[in-house]
Amino acid sequence: MKKTIYKLLILLSFMSVTIFGQNNPGIEGNWTGTLDTGGAKLRIVLKVSKASDGSLTAKFDSPDQGATDLPVDSIAQKDKTVSFSAARFGISFDGTLNEKSDEIAGNFKQGANSLPLIFKRTGEIQKAKRPQMPQKPFPYGEEEVSYKNTKDNVKLAGTLTLPKGAGKFPAVILITGSGAQDRDETIFGHKPFLVLADYLTRRGVAVLRVDDRGIGGSEAGAAGATSENFAGDVLAGVEYLKTRREIDARKIGLIGHSEGGMIAPMVAVRSKDVAFIVLMAGLGQTGEDVIYTQTALLQKAEGASEFVRTETAKAMKTALAITKSEKDDKIAAERINEALAKQKGGFTEAQQKEFAAVESTIKSQTPLYFSPWFRYFVAFDPQPVLKKVKVPVLALNGENDLQVSSKENLDLIATGLKSAGNKDVTTLAFPKLNHLFQTSETGSPSEYGKIEETIAPKVLETIADWIVKRTK
């Protein structure tokens with residue numbers, strides 16, 4: 001899950017804008033720096049050029065998150081002082097150019113977070129290798145489509161891929177994880193849903209993948225949407241597929257990743273037209289327990305001390321208890337701050353320094369905690385929903401998944417489904433696979449962008465074989 005205490009530092013969109021700065025020579029070119037967020041190391045590439053009028057312009061990339069040419073609103077150089085800002089992301093940087101003019105050392109800020117960052121001159125920017133990326137021409141049909149969630153009055157846009165040949169094909173809708181995702185679920189330069197759609201369509205399964213609300217061609221809709229609203233978007237997709245003559249309306253399934261694996265069972269319970277579901281790192285725990293487990297696993301992987309892990313768990317439980325019980329955002333924030341102050345009151349000076357990063361992170365995340373989406377997620381218990389799912393279910397997870405732990409979630413998913421008499425339940429845990437189903441060393445999110453594999457071939461094969469067997 002990406003809307004958790006472990007939220008990656010940079011929130012990205014894909015727009016460009018011309019920016020204006022001072023007419024100073026010396027920093028034109030490419031500069032690369034690495035942010036150490038404590039849980040992931042993210043490269044930032046600053047690309048500075050000179051406009052025809054002599055003013056400086058710039059854009060920046062986040063290669064590990066697959067984002068390029070992001071807008072910088074202003075950039076300035078005065079003697080050895082260099083600064084730039086990207087207001088859309090709440091980002092600013094102030095630094096000093098060294099005597100050789102090949103390093104800019106300073107502080108990178110986003111919101112309440114501040115991190116040291118050193119930019120170094122670099123040559124040509126190397127693109128990350130993504131060998132599984134499908135290349136055109138495709139041996140199947142591809143169509144841009146749109147339809148409406150009439151209940152919420154939201155237009156949704158996506159891509160429908162159709163196998164070659166005549167006849168009615170089984171179909172699946174892909175459901176993204178949390179956070180605003182495009183139809184390919186693009187992350188760290190990878191496009192998991194494009195890879196999955198390509199593989200399944202080649203195996204004879206039509207695939208609909210869709211931009212989330214406010215992304216790409218999909219409308220944003222009203223503010224305050226929760227997973228319940230997103231389930232409505234998927235239901236609209238099911239209704240759309242039923243109108244297509246190429247699709248067998250009796251064989252429409254869902255594949256959900258992460259939060260999508262929480263939403264798929266909700267849709268299956270609400271629609272008799274859902275024939276099967278595949279859960280990729282889906283939830284068996286409550287949303288609150290997922291956050292606790294995730295935070296503990298990530299901190300352990302990052303080498304946090306036992307003191308930090310213990311005190312983080314206490315702080316998180318207090319913060320989420322307040323979030324669930326206090327509906328007034330201002331009062332809730334005050335109560336969380338008071339609780340944090342009380343908790344660290346008995347710490348030694350060294351312990352207070354060690355706890356400072358935890359306190360800062362929780363305080364900076366409180367606006368997220370109070371959002372309708374987060375309040376819904378924290379309170380969500382998948383068990384009552386799973387107990388109503390009667391269609392075949394394939395639940396997959398990676399044993400190196402530190403975000404939705406296979407150990408805690410797969411057994412709970414199976415228990416919930418089988419307790420209601422569902423006799424077609426398959427759960428599989430893949431060794432060494434992480435939350436994105438890549439072959440990994442540790443499962444840490446810091447590895448995601450460095451791994452060339454997008455989805456392990458065994459996972460693609462398993463999903464396709466299971467679907468084909470049930471839709472012959």
# chains A, B, ... in the order shown; residues from 1 in each chain; ligands from 1
>>> residues_around(residues="region 277-294 of chain A", least_positions_apart="6", cutoff="7 Å", atoms="only C-alpha atoms", output="JSON, numbers by chain")
{"A": [4, 253, 254, 255, 256, 257, 258, 259, 261, 262, 264, 313, 377, 378, 379, 380, 381, 382, 383, 392, 393, 394, 395, 396, 397, 402, 403, 404, 409, 410, 412, 413, 435]}
>>> select_by_dssp(residues="region 87-260 of chain A", states="strand (DSSP E or B)", output="PyMOL selection string")
chain A and resi 91-97+103-110+113-122+140-149+154-163+169-175+187+190+206-210+247-257
>>> residues_around(residues="Lys129 (chain A)", least_positions_apart="2", cutoff="9 Å", atoms="only C-alpha atoms", output="MDAnalysis selection string")
chainID A and resid 126:127 131 189 450:453
>>> write_last_selection(atoms="N, CA, C and O atoms", output="PDB file, in the first residue's frame")
ATOM      1  N   GLN A 126      21.058   7.689 -18.149  1.00  0.00           N
ATOM      2  CA  GLN A 126      20.792   6.314 -18.536  1.00  0.00           C
ATOM      3  C   GLN A 126      19.376   5.902 -18.150  1.00  0.00           C
ATOM      4  O   GLN A 126      18.942   6.117 -17.023  1.00  0.00           O
ATOM      5  N   LYS A 127      18.659   5.321 -19.095  1.00  0.00           N
ATOM      6  CA  LYS A 127      17.308   4.842 -18.819  1.00  0.00           C
ATOM      7  C   LYS A 127      17.386   3.471 -18.145  1.00  0.00           C
ATOM      8  O   LYS A 127      18.238   2.643 -18.477  1.00  0.00           O
ATOM      9  N   PRO A 131      13.191  -5.086 -19.439  1.00  0.00           N
ATOM     10  CA  PRO A 131      13.139  -6.036 -20.548  1.00  0.00           C
ATOM     11  C   PRO A 131      11.763  -6.627 -20.828  1.00  0.00           C
ATOM     12  O   PRO A 131      11.526  -7.123 -21.937  1.00  0.00           O
ATOM     13  N   GLY A 189       9.366   3.213 -12.944  1.00  0.00           N
ATOM     14  CA  GLY A 189       9.711   2.908 -14.322  1.00  0.00           C
ATOM     15  C   GLY A 189       9.115   1.609 -14.831  1.00  0.00           C
ATOM     16  O   GLY A 189       9.272   1.267 -16.003  1.00  0.00           O
ATOM     17  N   LYS A 450      15.418  -0.645  -8.847  1.00  0.00           N
ATOM     18  CA  LYS A 450      16.696  -1.207  -9.284  1.00  0.00           C
ATOM     19  C   LYS A 450      16.524  -2.553  -9.986  1.00  0.00           C
ATOM     20  O   LYS A 450      17.389  -2.978 -10.750  1.00  0.00           O
ATOM     21  N   ILE A 451      15.424  -3.240  -9.705  1.00  0.00           N
ATOM     22  CA  ILE A 451      15.183  -4.559 -10.299  1.00  0.00           C
ATOM     23  C   ILE A 451      14.666  -4.393 -11.723  1.00  0.00           C
ATOM     24  O   ILE A 451      13.738  -3.628 -11.974  1.00  0.00           O
ATOM     25  N   GLU A 452      15.265  -5.116 -12.647  1.00  0.00           N
ATOM     26  CA  GLU A 452      14.845  -4.999 -14.042  1.00  0.00           C
ATOM     27  C   GLU A 452      13.544  -5.743 -14.311  1.00  0.00           C
ATOM     28  O   GLU A 452      12.755  -5.335 -15.169  1.00  0.00           O
ATOM     29  N   GLU A 453      13.304  -6.818 -13.609  1.00  0.00           N
ATOM     30  CA  GLU A 453      12.088  -7.612 -13.783  1.00  0.00           C
ATOM     31  C   GLU A 453      10.864  -6.824 -13.318  1.00  0.00           C
ATOM     32  O   GLU A 453      10.882  -6.210 -12.260  1.00  0.00           O
TER      33      GLU A 453
END
>>> closest_residue(among="A:Lys50, A:Lys80, A:Lys164, A:Lys41", to="Thr201 (chain A)", atoms="only C-alpha atoms")
A:Lys164
>>> atom_distance(atom1="CA of Ala231 (chain A)", atom2="CA of Asn149 (chain A)")
10.1 Å
>>> closest_residue(among="A:Gly29, A:Phe370, A:Phe93, A:Ile44", to="Ala321 (chain A)", atoms="only C-alpha atoms")
A:Phe370
>>> closest_residue(among="A:Leu35, A:Ile27, A:Val238, A:Val48", to="Thr81 (chain A)", atoms="only C-alpha atoms")
A:Ile27
>>> atom_distance(atom1="CA of Val385 (chain A)", atom2="CA of Met266 (chain A)")
6.3 Å
>>> closest_residue(among="A:Tyr376, A:Thr161, A:Tyr448, A:Phe276", to="Thr426 (chain A)", atoms="only C-alpha atoms")
A:Phe276
>>> select_by_dssp(residues="region 197-246 of chain A", states="alpha helix (DSSP H)", output="PyMOL selection string")
chain A and resi 197-202+227-242
>>> closest_residue(among="A:Glu306, A:Glu99, A:Asp198, A:Asp248", to="Gln351 (chain A)", atoms="only C-alpha atoms")
A:Glu306
